[in-house]
Each structure stands twice: as C-alpha cells, then as structure tokens.
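Step one of this worksheet: look at the structure below.
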Amino acid sequence: MDASSLNSAELQRLISQEKERAMMNEMVAKLTSACWDKCITSTPGSKFSSSESTCLSNCAQRYMDMSILIMKRFQSMQ
Amino acid sequence: MDSFSSPSSGSSSSTFSTEEFMDQLKTQLAQAYAEEFLETVRGKCFEKCITKPGSSLSSSESSCISRCVERYIEATGIISRALFSAPH
C-alpha cells in the first residue's frame with residue numbers, strides 16, 4: 001500500500017470526524033449503561049414509565065453538568 | 001479479516017483510495033460498536049431477567065429479555081437526545 005496516499009489533508013479531516021463520532025457514541029453508550037443502572041430498578045416493562053424516562057434524561061444532563069463542574073474545579077487548582 | 005491488505009477490485013495498483021479507506025474504517029467502527037452494544041445488552045438483561053437460572057429458559061424470562069432489549073435500545077435514544085438535542 002502506498003503510504004503517501006493516506007496522508008492527504010482530506011483524509012486527516014475525515015478521520016478526525018470519525019474519531020469525534022466514535023467518541024460521542026462511546027459517551028452515549030457509557031451514560032446509557034450508568035443511567036440504566038440508576039433509573040431502571042424494576043423488571044423492564046413493555047413501556048418506560050414517565051418517571052423512568054424522565055430519570056434517564058435527567059441522568060444524562062446532570063452528568064454533563066457534573067463534567068463541567070469538575071473541569072472548572074480542576075482549572076481553579078492550577 | 002485482513003481487509004487492509006486486500007487488493008481493490010478492478011485495479012492492479014497497490015494504492016488505496018481515500019474513499020475505500022474511509023468505507024472500511026466506517027464499516028469496522030460500526031462493527032465494533034455493534035459488538036460492544038450487544039455485549040452490554042447481554043450483561044444488562046441477564047442481570048435483570050435471569051435472576052435465578054433454572055434448567056431451561058422460562059417463557060417469562062424470554063419475554064423479559066425481549067422487553068429488556070427493546071427498552072435498552074429506547075434508553076439509548078433517550079440518552080442521546082438528552083445529550084445532543086435538549087436545551088440546556
């Protein structure tokens with residue numbers, strides 16, 4: 001394989017785009033797992049109760065809030 | 001699968017087009033994602049539905065598993081929407 005063909009700027013751009021997408025997928029997967037454990041405490045029914053779906057949604061958003069808070073906390077330590 | 005060393009069809013050269021490379025990259029990423037997702041769902045639903053393993057899978061366990069899989073997929077959508085489209 002000709003290595004130089006893999007060095008174009010276009011390819012680098014496409015790869016970082018895929019990397020970003022992969023990171024987002026990873027984030028969604030991780031949060032779904034964590035929030036499932038916190039919010040779905042009973043045997044899964046044929047439909048989520050409104051409190052279950054609200055809990056899942058809140059769980060993801062509070063995780064983001066927390067991430068920002070932790071980042072700020074670390075920045076203030078420097 | 002050794003997909004990166006396979007020659008591209010209809011071409012005798014060893015060069016690999018950007019498009020081909022990206023197609024294979026996307027396919028492999030999607031495959032890895034699907035495998036990881038399946039493994040997670042197996043773990044979660046085993047935990048929820050097979051609480052006391054018997055000599056065979058009971059019908060209530062089977063229906064729990066199919067509900068669990070559906071709910072896990074739904075939960076993934078809820079989380080995704082909460083992260084990327086909900087107003088903060």
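Residue numbering restarts at 1 in every chain; chains get A, B, ... in the order shown in the structure tokens, and ligands count up from 1 in that same order.
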Proximal residues of chain A relative to chain B (only C-alpha atoms; 10 Å) as a PyMOL selection string: chain A and resi 1-8+10-12+14-15+18-19+21-22+24-33+35-37+40-48+52-54+56-65
In chain A, DSSP alpha helix (DSSP H) residues written as an MDAnalysis selection string: chainID A and resid 9:39 50:77
Selection above as a file: C-alpha atoms, as a PDB file, in the first residue's frame:
ATOM      1  CA  ALA A   9      -5.371  16.625   4.414  1.00  0.00           C
ATOM      2  CA  GLU A  10      -8.775  15.437   3.299  1.00  0.00           C
ATOM      3  CA  LEU A  11      -8.172  12.007   4.807  1.00  0.00           C
ATOM      4  CA  GLN A  12      -6.972  13.511   8.083  1.00  0.00           C
ATOM      5  CA  ARG A  13     -10.124  15.582   8.240  1.00  0.00           C
ATOM      6  CA  LEU A  14     -12.335  12.553   7.587  1.00  0.00           C
ATOM      7  CA  ILE A  15     -10.523  10.531  10.212  1.00  0.00           C
ATOM      8  CA  SER A  16     -10.861  13.159  12.915  1.00  0.00           C
ATOM      9  CA  GLN A  17     -14.527  13.466  12.026  1.00  0.00           C
ATOM     10  CA  GLU A  18     -14.948   9.712  12.535  1.00  0.00           C
ATOM     11  CA  LYS A  19     -12.969   9.924  15.751  1.00  0.00           C
ATOM     12  CA  GLU A  20     -15.344  12.551  17.078  1.00  0.00           C
ATOM     13  CA  ARG A  21     -18.341  10.442  16.099  1.00  0.00           C
ATOM     14  CA  ALA A  22     -16.818   7.416  17.829  1.00  0.00           C
ATOM     15  CA  MET A  23     -16.238   9.447  20.984  1.00  0.00           C
ATOM     16  CA  MET A  24     -19.858  10.578  21.006  1.00  0.00           C
ATOM     17  CA  ASN A  25     -21.079   7.006  20.539  1.00  0.00           C
ATOM     18  CA  GLU A  26     -18.824   5.917  23.360  1.00  0.00           C
ATOM     19  CA  MET A  27     -20.215   8.648  25.599  1.00  0.00           C
ATOM     20  CA  VAL A  28     -23.820   7.696  24.836  1.00  0.00           C
ATOM     21  CA  ALA A  29     -23.053   4.011  25.476  1.00  0.00           C
ATOM     22  CA  LYS A  30     -21.334   4.732  28.790  1.00  0.00           C
ATOM     23  CA  LEU A  31     -24.087   7.024  30.018  1.00  0.00           C
ATOM     24  CA  THR A  32     -26.848   4.674  28.919  1.00  0.00           C
ATOM     25  CA  SER A  33     -25.233   1.920  30.962  1.00  0.00           C
ATOM     26  CA  ALA A  34     -24.763   4.085  34.068  1.00  0.00           C
ATOM     27  CA  CYS A  35     -28.216   5.696  33.881  1.00  0.00           C
ATOM     28  CA  TRP A  36     -29.921   2.367  33.176  1.00  0.00           C
ATOM     29  CA  ASP A  37     -28.491   1.071  36.452  1.00  0.00           C
ATOM     30  CA  LYS A  38     -29.649   4.159  38.350  1.00  0.00           C
ATOM     31  CA  CYS A  39     -33.092   4.626  36.796  1.00  0.00           C
ATOM     32  CA  SER A  50     -42.759   8.578  32.631  1.00  0.00           C
ATOM     33  CA  SER A  51     -40.629   8.662  35.769  1.00  0.00           C
ATOM     34  CA  GLU A  52     -38.178   6.213  34.209  1.00  0.00           C
ATOM     35  CA  SER A  53     -37.758   8.192  31.011  1.00  0.00           C
ATOM     36  CA  THR A  54     -37.505  11.478  32.923  1.00  0.00           C
ATOM     37  CA  CYS A  55     -34.877   9.897  35.169  1.00  0.00           C
ATOM     38  CA  LEU A  56     -32.835   8.744  32.138  1.00  0.00           C
ATOM     39  CA  SER A  57     -32.990  12.163  30.557  1.00  0.00           C
ATOM     40  CA  ASN A  58     -32.125  13.974  33.795  1.00  0.00           C
ATOM     41  CA  CYS A  59     -29.336  11.497  34.470  1.00  0.00           C
ATOM     42  CA  ALA A  60     -27.593  12.303  31.174  1.00  0.00           C
ATOM     43  CA  GLN A  61     -27.991  16.053  31.600  1.00  0.00           C
ATOM     44  CA  ARG A  62     -26.784  16.045  35.207  1.00  0.00           C
ATOM     45  CA  TYR A  63     -23.749  14.052  34.132  1.00  0.00           C
ATOM     46  CA  MET A  64     -22.912  16.843  31.689  1.00  0.00           C
ATOM     47  CA  ASP A  65     -23.392  19.478  34.420  1.00  0.00           C
ATOM     48  CA  MET A  66     -21.131  17.475  36.671  1.00  0.00           C
ATOM     49  CA  SER A  67     -18.453  17.178  33.993  1.00  0.00           C
ATOM     50  CA  ILE A  68     -18.402  20.959  33.604  1.00  0.00           C
ATOM     51  CA  LEU A  69     -18.227  21.440  37.355  1.00  0.00           C
ATOM     52  CA  ILE A  70     -15.324  19.022  37.704  1.00  0.00           C
ATOM     53  CA  MET A  71     -13.487  20.669  34.824  1.00  0.00           C
ATOM     54  CA  LYS A  72     -13.890  24.100  36.461  1.00  0.00           C
ATOM     55  CA  ARG A  73     -12.753  22.712  39.785  1.00  0.00           C
ATOM     56  CA  PHE A  74      -9.578  21.366  38.205  1.00  0.00           C
ATOM     57  CA  GLN A  75      -8.926  24.555  36.307  1.00  0.00           C
ATOM     58  CA  SER A  76      -9.121  26.548  39.523  1.00  0.00           C
ATOM     59  CA  MET A  77      -6.453  24.323  41.056  1.00  0.00           C
TER      60      MET A  77
END
